[in-house]
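Colleague: mmCIF, C-alpha atoms, file coords.cif:
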```cif
data_query
loop_
_atom_site.group_PDB
_atom_site.id
_atom_site.type_symbol
_atom_site.label_atom_id
_atom_site.label_comp_id
_atom_site.auth_asym_id
_atom_site.auth_seq_id
_atom_site.Cartn_x
_atom_site.Cartn_y
_atom_site.Cartn_z
ATOM 1 C CA MET A 1 -26.174 -16.660 19.669
ATOM 2 C CA SER A 2 -23.606 -18.740 21.519
ATOM 3 C CA THR A 3 -24.954 -21.841 23.300
ATOM 4 C CA ASP A 4 -22.688 -21.304 26.318
ATOM 5 C CA ASP A 5 -21.513 -18.320 28.341
ATOM 6 C CA ARG A 6 -18.740 -17.312 25.932
ATOM 7 C CA TYR A 7 -18.594 -13.827 24.440
ATOM 8 C CA TYR A 8 -19.984 -14.134 20.925
ATOM 9 C CA TYR A 9 -19.961 -11.812 17.934
ATOM 10 C CA GLU A 10 -20.152 -11.906 14.159
ATOM 11 C CA PRO A 11 -17.336 -9.818 12.613
ATOM 12 C CA THR A 12 -19.512 -8.333 9.875
ATOM 13 C CA LYS A 13 -21.723 -6.838 12.606
ATOM 14 C CA GLY A 14 -18.849 -5.549 14.742
ATOM 15 C CA HIS A 15 -17.222 -6.962 17.845
ATOM 16 C CA GLY A 16 -18.621 -4.516 20.407
ATOM 17 C CA LEU A 17 -15.336 -4.366 22.316
ATOM 18 C CA PRO A 18 -12.884 -1.500 22.911
ATOM 19 C CA HIS A 19 -10.395 -3.133 20.495
ATOM 20 C CA ASP A 20 -10.745 -5.884 17.884
ATOM 21 C CA PRO A 21 -9.621 -9.087 19.664
ATOM 22 C CA LEU A 22 -8.675 -11.000 16.486
ATOM 23 C CA ASN A 23 -4.988 -10.145 16.436
ATOM 24 C CA ALA A 24 -4.724 -10.594 20.193
ATOM 25 C CA ILE A 25 -6.171 -14.104 19.977
ATOM 26 C CA VAL A 26 -3.986 -15.079 17.023
ATOM 27 C CA GLY A 27 -0.819 -14.071 18.781
ATOM 28 C CA PRO A 28 1.689 -13.184 19.686
ATOM 29 C CA ARG A 29 2.704 -13.091 16.040
ATOM 30 C CA PRO A 30 6.154 -12.799 14.469
ATOM 31 C CA ILE A 31 6.861 -9.417 12.914
ATOM 32 C CA GLY A 32 7.378 -9.172 9.188
ATOM 33 C CA TRP A 33 10.164 -6.575 9.065
ATOM 34 C CA ILE A 34 10.426 -6.300 5.309
ATOM 35 C CA SER A 35 13.099 -4.487 3.323
ATOM 36 C CA SER A 36 12.805 -3.905 -0.410
ATOM 37 C CA ARG A 37 13.972 -1.723 -3.279
ATOM 38 C CA ASN A 38 12.084 -0.336 -6.246
ATOM 39 C CA ALA A 39 13.394 -0.517 -9.795
ATOM 40 C CA ALA A 40 15.070 2.885 -9.342
ATOM 41 C CA GLY A 41 17.026 1.556 -6.361
ATOM 42 C CA GLN A 42 15.173 3.438 -3.612
ATOM 43 C CA ARG A 43 15.114 1.493 -0.341
ATOM 44 C CA ASN A 44 12.104 0.787 1.826
ATOM 45 C CA LEU A 45 11.837 -0.832 5.259
ATOM 46 C CA ALA A 46 8.554 -1.506 7.062
ATOM 47 C CA PRO A 47 7.158 -3.821 9.746
ATOM 48 C CA TYR A 48 4.041 -5.919 9.138
ATOM 49 C CA SER A 49 2.138 -7.577 11.963
ATOM 50 C CA PHE A 50 0.560 -10.261 9.778
ATOM 51 C CA PHE A 51 3.519 -12.497 8.952
ATOM 52 C CA ASN A 52 4.522 -16.146 9.149
ATOM 53 C CA CYS A 53 6.290 -19.140 7.597
ATOM 54 C CA PHE A 54 4.186 -21.421 5.398
ATOM 55 C CA ASN A 55 6.388 -24.141 3.901
ATOM 56 C CA TYR A 56 9.587 -26.095 4.615
ATOM 57 C CA ARG A 57 10.874 -27.174 1.190
ATOM 58 C CA PRO A 58 11.215 -24.829 -0.453
ATOM 59 C CA PRO A 59 10.999 -22.434 2.502
ATOM 60 C CA ILE A 60 8.200 -19.949 1.868
ATOM 61 C CA ILE A 61 7.327 -17.005 4.093
ATOM 62 C CA GLY A 62 4.678 -14.365 3.666
ATOM 63 C CA PHE A 63 3.170 -11.155 4.969
ATOM 64 C CA ALA A 64 -0.087 -9.317 4.407
ATOM 65 C CA SER A 65 -0.339 -5.604 3.711
ATOM 66 C CA SER A 66 -3.524 -3.609 4.285
ATOM 67 C CA GLY A 67 -3.422 -1.477 1.170
ATOM 68 C CA TRP A 68 -1.055 -1.364 -1.788
ATOM 69 C CA LYS A 69 1.908 0.058 0.124
ATOM 70 C CA ASP A 70 5.469 0.751 -1.015
ATOM 71 C CA SER A 71 6.693 -2.664 0.141
ATOM 72 C CA VAL A 72 4.161 -4.484 -2.019
ATOM 73 C CA ALA A 73 4.715 -2.212 -5.000
ATOM 74 C CA ASN A 74 8.502 -2.640 -4.766
ATOM 75 C CA ILE A 75 8.341 -6.412 -4.419
ATOM 76 C CA VAL A 76 5.951 -6.835 -7.334
ATOM 77 C CA GLU A 77 8.160 -4.522 -9.410
ATOM 78 C CA THR A 78 11.476 -6.259 -8.620
ATOM 79 C CA GLY A 79 10.457 -9.725 -7.427
ATOM 80 C CA GLU A 80 12.699 -9.558 -4.350
ATOM 81 C CA PHE A 81 12.644 -8.690 -0.645
ATOM 82 C CA VAL A 82 14.348 -9.451 2.672
ATOM 83 C CA TRP A 83 12.805 -10.414 5.990
ATOM 84 C CA ASN A 84 14.748 -9.203 9.038
ATOM 85 C CA LEU A 85 14.285 -10.654 12.527
ATOM 86 C CA THR A 86 13.100 -8.059 15.042
ATOM 87 C CA THR A 87 14.803 -8.532 18.409
ATOM 88 C CA ARG A 88 14.287 -6.785 21.733
ATOM 89 C CA PRO A 89 17.334 -4.497 21.249
ATOM 90 C CA LEU A 90 15.932 -3.499 17.834
ATOM 91 C CA ALA A 91 12.298 -3.041 18.878
ATOM 92 C CA VAL A 92 12.403 0.764 19.040
ATOM 93 C CA LYS A 93 14.140 1.042 15.678
ATOM 94 C CA MET A 94 11.642 -1.380 14.161
ATOM 95 C CA ASN A 95 8.848 0.832 15.449
ATOM 96 C CA GLU A 96 10.561 3.946 14.061
ATOM 97 C CA SER A 97 10.701 2.309 10.632
ATOM 98 C CA SER A 98 6.875 2.222 10.649
ATOM 99 C CA ALA A 99 6.703 6.037 10.431
ATOM 100 C CA SER A 100 4.762 7.468 7.498
ATOM 101 C CA LEU A 101 7.597 9.101 5.592
ATOM 102 C CA GLU A 102 7.458 10.928 2.309
ATOM 103 C CA HIS A 103 7.597 8.634 -0.717
ATOM 104 C CA GLY A 104 11.215 7.753 -1.454
ATOM 105 C CA GLU A 105 12.542 8.735 1.990
ATOM 106 C CA ASP A 106 14.820 6.042 3.419
ATOM 107 C CA GLU A 107 13.546 4.284 6.553
ATOM 108 C CA PHE A 108 16.992 2.793 7.142
ATOM 109 C CA GLY A 109 18.439 6.244 7.647
ATOM 110 C CA PHE A 110 15.417 7.532 9.553
ATOM 111 C CA ALA A 111 15.648 4.669 12.080
ATOM 112 C CA GLY A 112 19.469 4.749 12.283
ATOM 113 C CA LEU A 113 19.944 1.292 10.739
ATOM 114 C CA THR A 114 22.671 -0.027 8.454
ATOM 115 C CA ALA A 115 21.676 -1.242 4.995
ATOM 116 C CA GLN A 116 23.746 -4.267 3.962
ATOM 117 C CA PRO A 117 23.453 -5.466 0.339
ATOM 118 C CA GLY A 118 21.829 -8.847 -0.125
ATOM 119 C CA THR A 119 23.852 -11.729 -1.523
ATOM 120 C CA LEU A 120 21.311 -13.151 -3.993
ATOM 121 C CA VAL A 121 18.786 -10.305 -4.102
ATOM 122 C CA ALA A 122 19.152 -6.574 -4.687
ATOM 123 C CA ALA A 123 17.126 -5.655 -1.580
ATOM 124 C CA ASP A 124 19.182 -4.677 1.475
ATOM 125 C CA ARG A 125 19.385 -6.533 4.792
ATOM 126 C CA VAL A 126 19.208 -4.822 8.174
ATOM 127 C CA LEU A 127 22.787 -5.422 9.288
ATOM 128 C CA GLU A 128 21.928 -5.002 12.974
ATOM 129 C CA SER A 129 19.367 -7.816 12.779
ATOM 130 C CA PRO A 130 20.890 -11.224 13.667
ATOM 131 C CA VAL A 131 18.810 -13.152 11.112
ATOM 132 C CA ASN A 132 17.892 -12.223 7.559
ATOM 133 C CA PHE A 133 15.990 -14.173 4.892
ATOM 134 C CA GLU A 134 16.611 -13.121 1.303
ATOM 135 C CA CYS A 135 13.478 -13.902 -0.687
ATOM 136 C CA LYS A 136 12.212 -14.165 -4.255
ATOM 137 C CA LEU A 137 8.565 -13.369 -4.868
ATOM 138 C CA THR A 138 6.413 -16.419 -5.615
ATOM 139 C CA GLN A 139 2.893 -14.971 -5.373
ATOM 140 C CA CYS A 140 1.093 -11.723 -4.631
ATOM 141 C CA ILE A 141 -2.539 -12.473 -3.888
ATOM 142 C CA GLN A 142 -5.366 -10.007 -3.348
ATOM 143 C CA LEU A 143 -7.551 -11.342 -0.529
ATOM 144 C CA LYS A 144 -11.276 -11.853 -1.010
ATOM 145 C CA THR A 145 -14.329 -12.108 1.207
ATOM 146 C CA ALA A 146 -16.330 -15.342 1.499
ATOM 147 C CA ALA A 147 -18.764 -13.786 -0.999
ATOM 148 C CA GLY A 148 -15.950 -13.293 -3.522
ATOM 149 C CA GLY A 149 -15.492 -9.547 -3.132
ATOM 150 C CA ASP A 150 -12.010 -8.048 -3.373
ATOM 151 C CA ILE A 151 -10.375 -6.729 -0.200
ATOM 152 C CA ASP A 152 -7.718 -4.011 -0.270
ATOM 153 C CA THR A 153 -5.264 -6.393 1.395
ATOM 154 C CA TRP A 154 -2.417 -8.163 -0.357
ATOM 155 C CA LEU A 155 -0.692 -11.402 0.687
ATOM 156 C CA VAL A 156 2.925 -11.473 -0.479
ATOM 157 C CA LEU A 157 4.638 -14.869 -0.521
ATOM 158 C CA GLY A 158 8.331 -15.400 -1.162
ATOM 159 C CA GLU A 159 10.756 -18.297 -1.390
ATOM 160 C CA VAL A 160 13.707 -17.960 0.970
ATOM 161 C CA VAL A 161 16.792 -18.285 -1.246
ATOM 162 C CA ALA A 162 19.483 -17.237 1.261
ATOM 163 C CA VAL A 163 19.661 -17.196 5.071
ATOM 164 C CA HIS A 164 22.023 -15.171 7.295
ATOM 165 C CA ILE A 165 22.308 -16.195 10.979
ATOM 166 C CA ALA A 166 24.556 -14.585 13.594
ATOM 167 C CA PRO A 167 26.906 -17.337 14.862
ATOM 168 C CA HIS A 168 26.127 -16.807 18.550
ATOM 169 C CA LEU A 169 22.587 -18.050 17.913
ATOM 170 C CA LEU A 170 23.821 -21.475 16.797
ATOM 171 C CA ILE A 171 24.903 -23.681 19.714
ATOM 172 C CA ASP A 172 26.075 -27.155 18.646
ATOM 173 C CA GLY A 173 24.423 -26.379 15.320
ATOM 174 C CA ILE A 174 20.986 -25.788 16.882
ATOM 175 C CA TYR A 175 19.340 -22.386 16.469
ATOM 176 C CA GLN A 176 18.459 -20.894 19.859
ATOM 177 C CA THR A 177 15.080 -19.209 19.489
ATOM 178 C CA ALA A 178 14.928 -17.550 22.902
ATOM 179 C CA LEU A 179 18.551 -16.397 22.783
ATOM 180 C CA ALA A 180 17.696 -14.213 19.794
ATOM 181 C CA GLU A 181 15.115 -12.310 21.918
ATOM 182 C CA PRO A 182 12.499 -12.148 19.160
ATOM 183 C CA VAL A 183 9.798 -9.517 19.485
ATOM 184 C CA LEU A 184 6.236 -10.646 18.851
ATOM 185 C CA ARG A 185 3.198 -8.494 18.074
ATOM 186 C CA ALA A 186 0.079 -8.827 20.192
ATOM 187 C CA GLY A 187 -3.329 -7.151 20.329
ATOM 188 C CA GLY A 188 -4.061 -3.535 21.016
ATOM 189 C CA PRO A 189 -2.304 -0.511 19.558
ATOM 190 C CA SER A 190 0.976 -0.937 21.444
ATOM 191 C CA ALA A 191 1.315 -4.493 22.838
ATOM 192 C CA TYR A 192 4.396 -6.585 22.102
ATOM 193 C CA TYR A 193 5.861 -9.651 23.808
ATOM 194 C CA GLY A 194 9.187 -11.402 24.168
ATOM 195 C CA ILE A 195 9.950 -15.020 24.984
ATOM 196 C CA SER A 196 12.386 -16.685 27.356
ATOM 197 C CA GLU A 197 13.879 -20.138 27.855
ATOM 198 C CA ASP A 198 11.990 -20.327 31.178
ATOM 199 C CA LEU A 199 8.724 -20.595 29.235
ATOM 200 C CA ARG A 200 9.884 -23.460 27.006
ATOM 201 C CA PHE A 201 8.275 -26.899 27.127
ATOM 202 C CA ASP A 202 8.803 -29.890 24.834
ATOM 203 C CA LEU A 203 6.348 -32.326 23.254
ATOM 204 C CA ILE A 204 7.235 -35.375 21.171
ATOM 205 C CA ARG A 205 4.918 -36.079 18.271
ATOM 206 C CA PRO A 206 3.082 -39.404 18.798
ATOM 207 C CA ASP A 207 3.821 -42.351 16.526
ATOM 208 C CA ALA A 208 1.440 -42.913 13.656
ATOM 209 C CA ARG A 209 -1.235 -45.545 14.314
#
```
Show me the file's structure as structure tokens.
Modeller:
Amino acid sequence: MSTDDRYYYEPTKGHGLPHDPLNAIVGPRPIGWISSRNAAGQRNLAPYSFFNCFNYRPPIIGFASSGWKDSVANIVETGEFVWNLTTRPLAVKMNESSASLEHGEDEFGFAGLTAQPGTLVAADRVLESPVNFECKLTQCIQLKTAAGGDIDTWLVLGEVVAVHIAPHLLIDGIYQTALAEPVLRAGGPSAYYGISEDLRFDLIRPDAR
């Protein structure tokens, strides 16, 4: 039991709330809008709410998939994928690409998006997205519980080998995060957020002692 007046729960026993608060607390989170191809050349495009960047040099990004879905299968099969930035103008199309289509049906076409061939990878970019990361698979890791049991969730990590940035997002060579209008996933079944320059604040890292 908590020693103060905070709400307390142990996840293995349930949270006792209308909706699991975990992904509302750890958020808003960037969206992993992942495009891939299988060995036969069939395209796939899907958003993942567990996504982030994990290393500078080399740049490594990753997303987690609950279940062995087409994106994971394609990436393991070909070793390549593309991350596409979801922006406010693309939010509805991103959501449409999450539809459960028949195997092999093209989410690009279903969502009315343009598939643009990658430069260094065979997977396609979302042309309408202003930022794309072409990636090579580095690891695909099945997650485990603290007791060592396997979970049907897969963490896919990839090295970013090519970056495409729309020129209007670079002002004096500095990428403008808010100008891109990124869409961020929050808690609950339908909650998303945007950001604005009005909410920006700056902190300078203190000198080492």
Colleague: Counting only C-alpha atoms, what is within 12 Å of Ser190 (chain A), bar same-chain residues fewer than 2 positions away, as a PyMOL selection string?
Modeller: chain A and resi 19+24+49+91-92+95+184-188+192-193
Colleague: To one decimal in Å, tell me the separation between CA of Ala64 (chain A) and CA of Asn132 (chain A).
Modeller: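 Taking CA of Ala64 (chain A) and CA of Asn132 (chain A), their separation equals 18.5 Å.
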Colleague: Running the PyMOL selection byres ((chain A and resi 105) around 12) on this model by hand, what would come out? Give it as a PyMOL selection string.
Modeller: chain A and resi 37+41-45+70+97+99-104+106-111
Colleague: Compute the distance from (24.7, -7.6, 15.3) to each atom, counting only C-alpha atoms, keep the residues with any atom at most 12 Å away, and return them as a PyMOL selection string; use the coordinates of the file.
Modeller: chain A and resi 84-87+89-90+113-114+116+125-132+164-169+180
Colleague: Applying the PyMOL selection byres ((chain A and resi 50-53) around 6) to the file I just gave you, which residues come out? Please list them as a PyMOL selection string.
Modeller: chain A and resi 32+48-49+54+61-64
Colleague: Applying the PyMOL selection byres ((chain A and resi 140-154) around 10) to the file I just gave you, which residues come out? Please list them as number ranges by chain.
Modeller: A: 62-69, 72, 75-76, 79, 137-139, 155-158
Colleague: Output the selection as a PDB file, in the frame of the given file - C-alpha atoms for each residue.
Modeller:
```
ATOM      1  CA  GLY A  62       4.678 -14.365   3.666  1.00  0.00           C
ATOM      2  CA  PHE A  63       3.170 -11.155   4.969  1.00  0.00           C
ATOM      3  CA  ALA A  64      -0.087  -9.317   4.407  1.00  0.00           C
ATOM      4  CA  SER A  65      -0.339  -5.604   3.711  1.00  0.00           C
ATOM      5  CA  SER A  66      -3.524  -3.609   4.285  1.00  0.00           C
ATOM      6  CA  GLY A  67      -3.422  -1.477   1.170  1.00  0.00           C
ATOM      7  CA  TRP A  68      -1.055  -1.364  -1.788  1.00  0.00           C
ATOM      8  CA  LYS A  69       1.908   0.058   0.124  1.00  0.00           C
ATOM      9  CA  VAL A  72       4.161  -4.484  -2.019  1.00  0.00           C
ATOM     10  CA  ILE A  75       8.341  -6.412  -4.419  1.00  0.00           C
ATOM     11  CA  VAL A  76       5.951  -6.835  -7.334  1.00  0.00           C
ATOM     12  CA  GLY A  79      10.457  -9.725  -7.427  1.00  0.00           C
ATOM     13  CA  LEU A 137       8.565 -13.369  -4.868  1.00  0.00           C
ATOM     14  CA  THR A 138       6.413 -16.419  -5.615  1.00  0.00           C
ATOM     15  CA  GLN A 139       2.893 -14.971  -5.373  1.00  0.00           C
ATOM     16  CA  LEU A 155      -0.692 -11.402   0.687  1.00  0.00           C
ATOM     17  CA  VAL A 156       2.925 -11.473  -0.479  1.00  0.00           C
ATOM     18  CA  LEU A 157       4.638 -14.869  -0.521  1.00  0.00           C
ATOM     19  CA  GLY A 158       8.331 -15.400  -1.162  1.00  0.00           C
TER      20      GLY A 158
END
```
Colleague: So how many Å separate CA of Ser35 (chain A) and CA of Ile60 (chain A), to one decimal?
Modeller: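 Value for the CA of Ser35 (chain A)-CA of Ile60 (chain A) distance: 16.3 Å.
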Colleague: Taking only C-alpha atoms into account, which of A:Ile31, A:Val121, A:Ala178, A:Ala191 comes nearest Ser98 (chain A)?
Modeller: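 Ranking A:Ile31, A:Val121, A:Ala178, A:Ala191 by distance to Ser98 (chain A), first place goes to A:Ile31.
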Colleague: In Å, rounded to a single decimal, give me how far CA of Ala162 (chain A) is from CA of Gly118 (chain A).
Modeller: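 Separation between CA of Gly118 (chain A) and CA of Ala162 (chain A): 8.8 Å.
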Colleague: Looking at A:Leu199, A:Val160, A:Ile204, A:Leu17, which one is nearest to Thr177 (chain A), with distances taken over only C-alpha atoms?
Modeller: A:Leu199
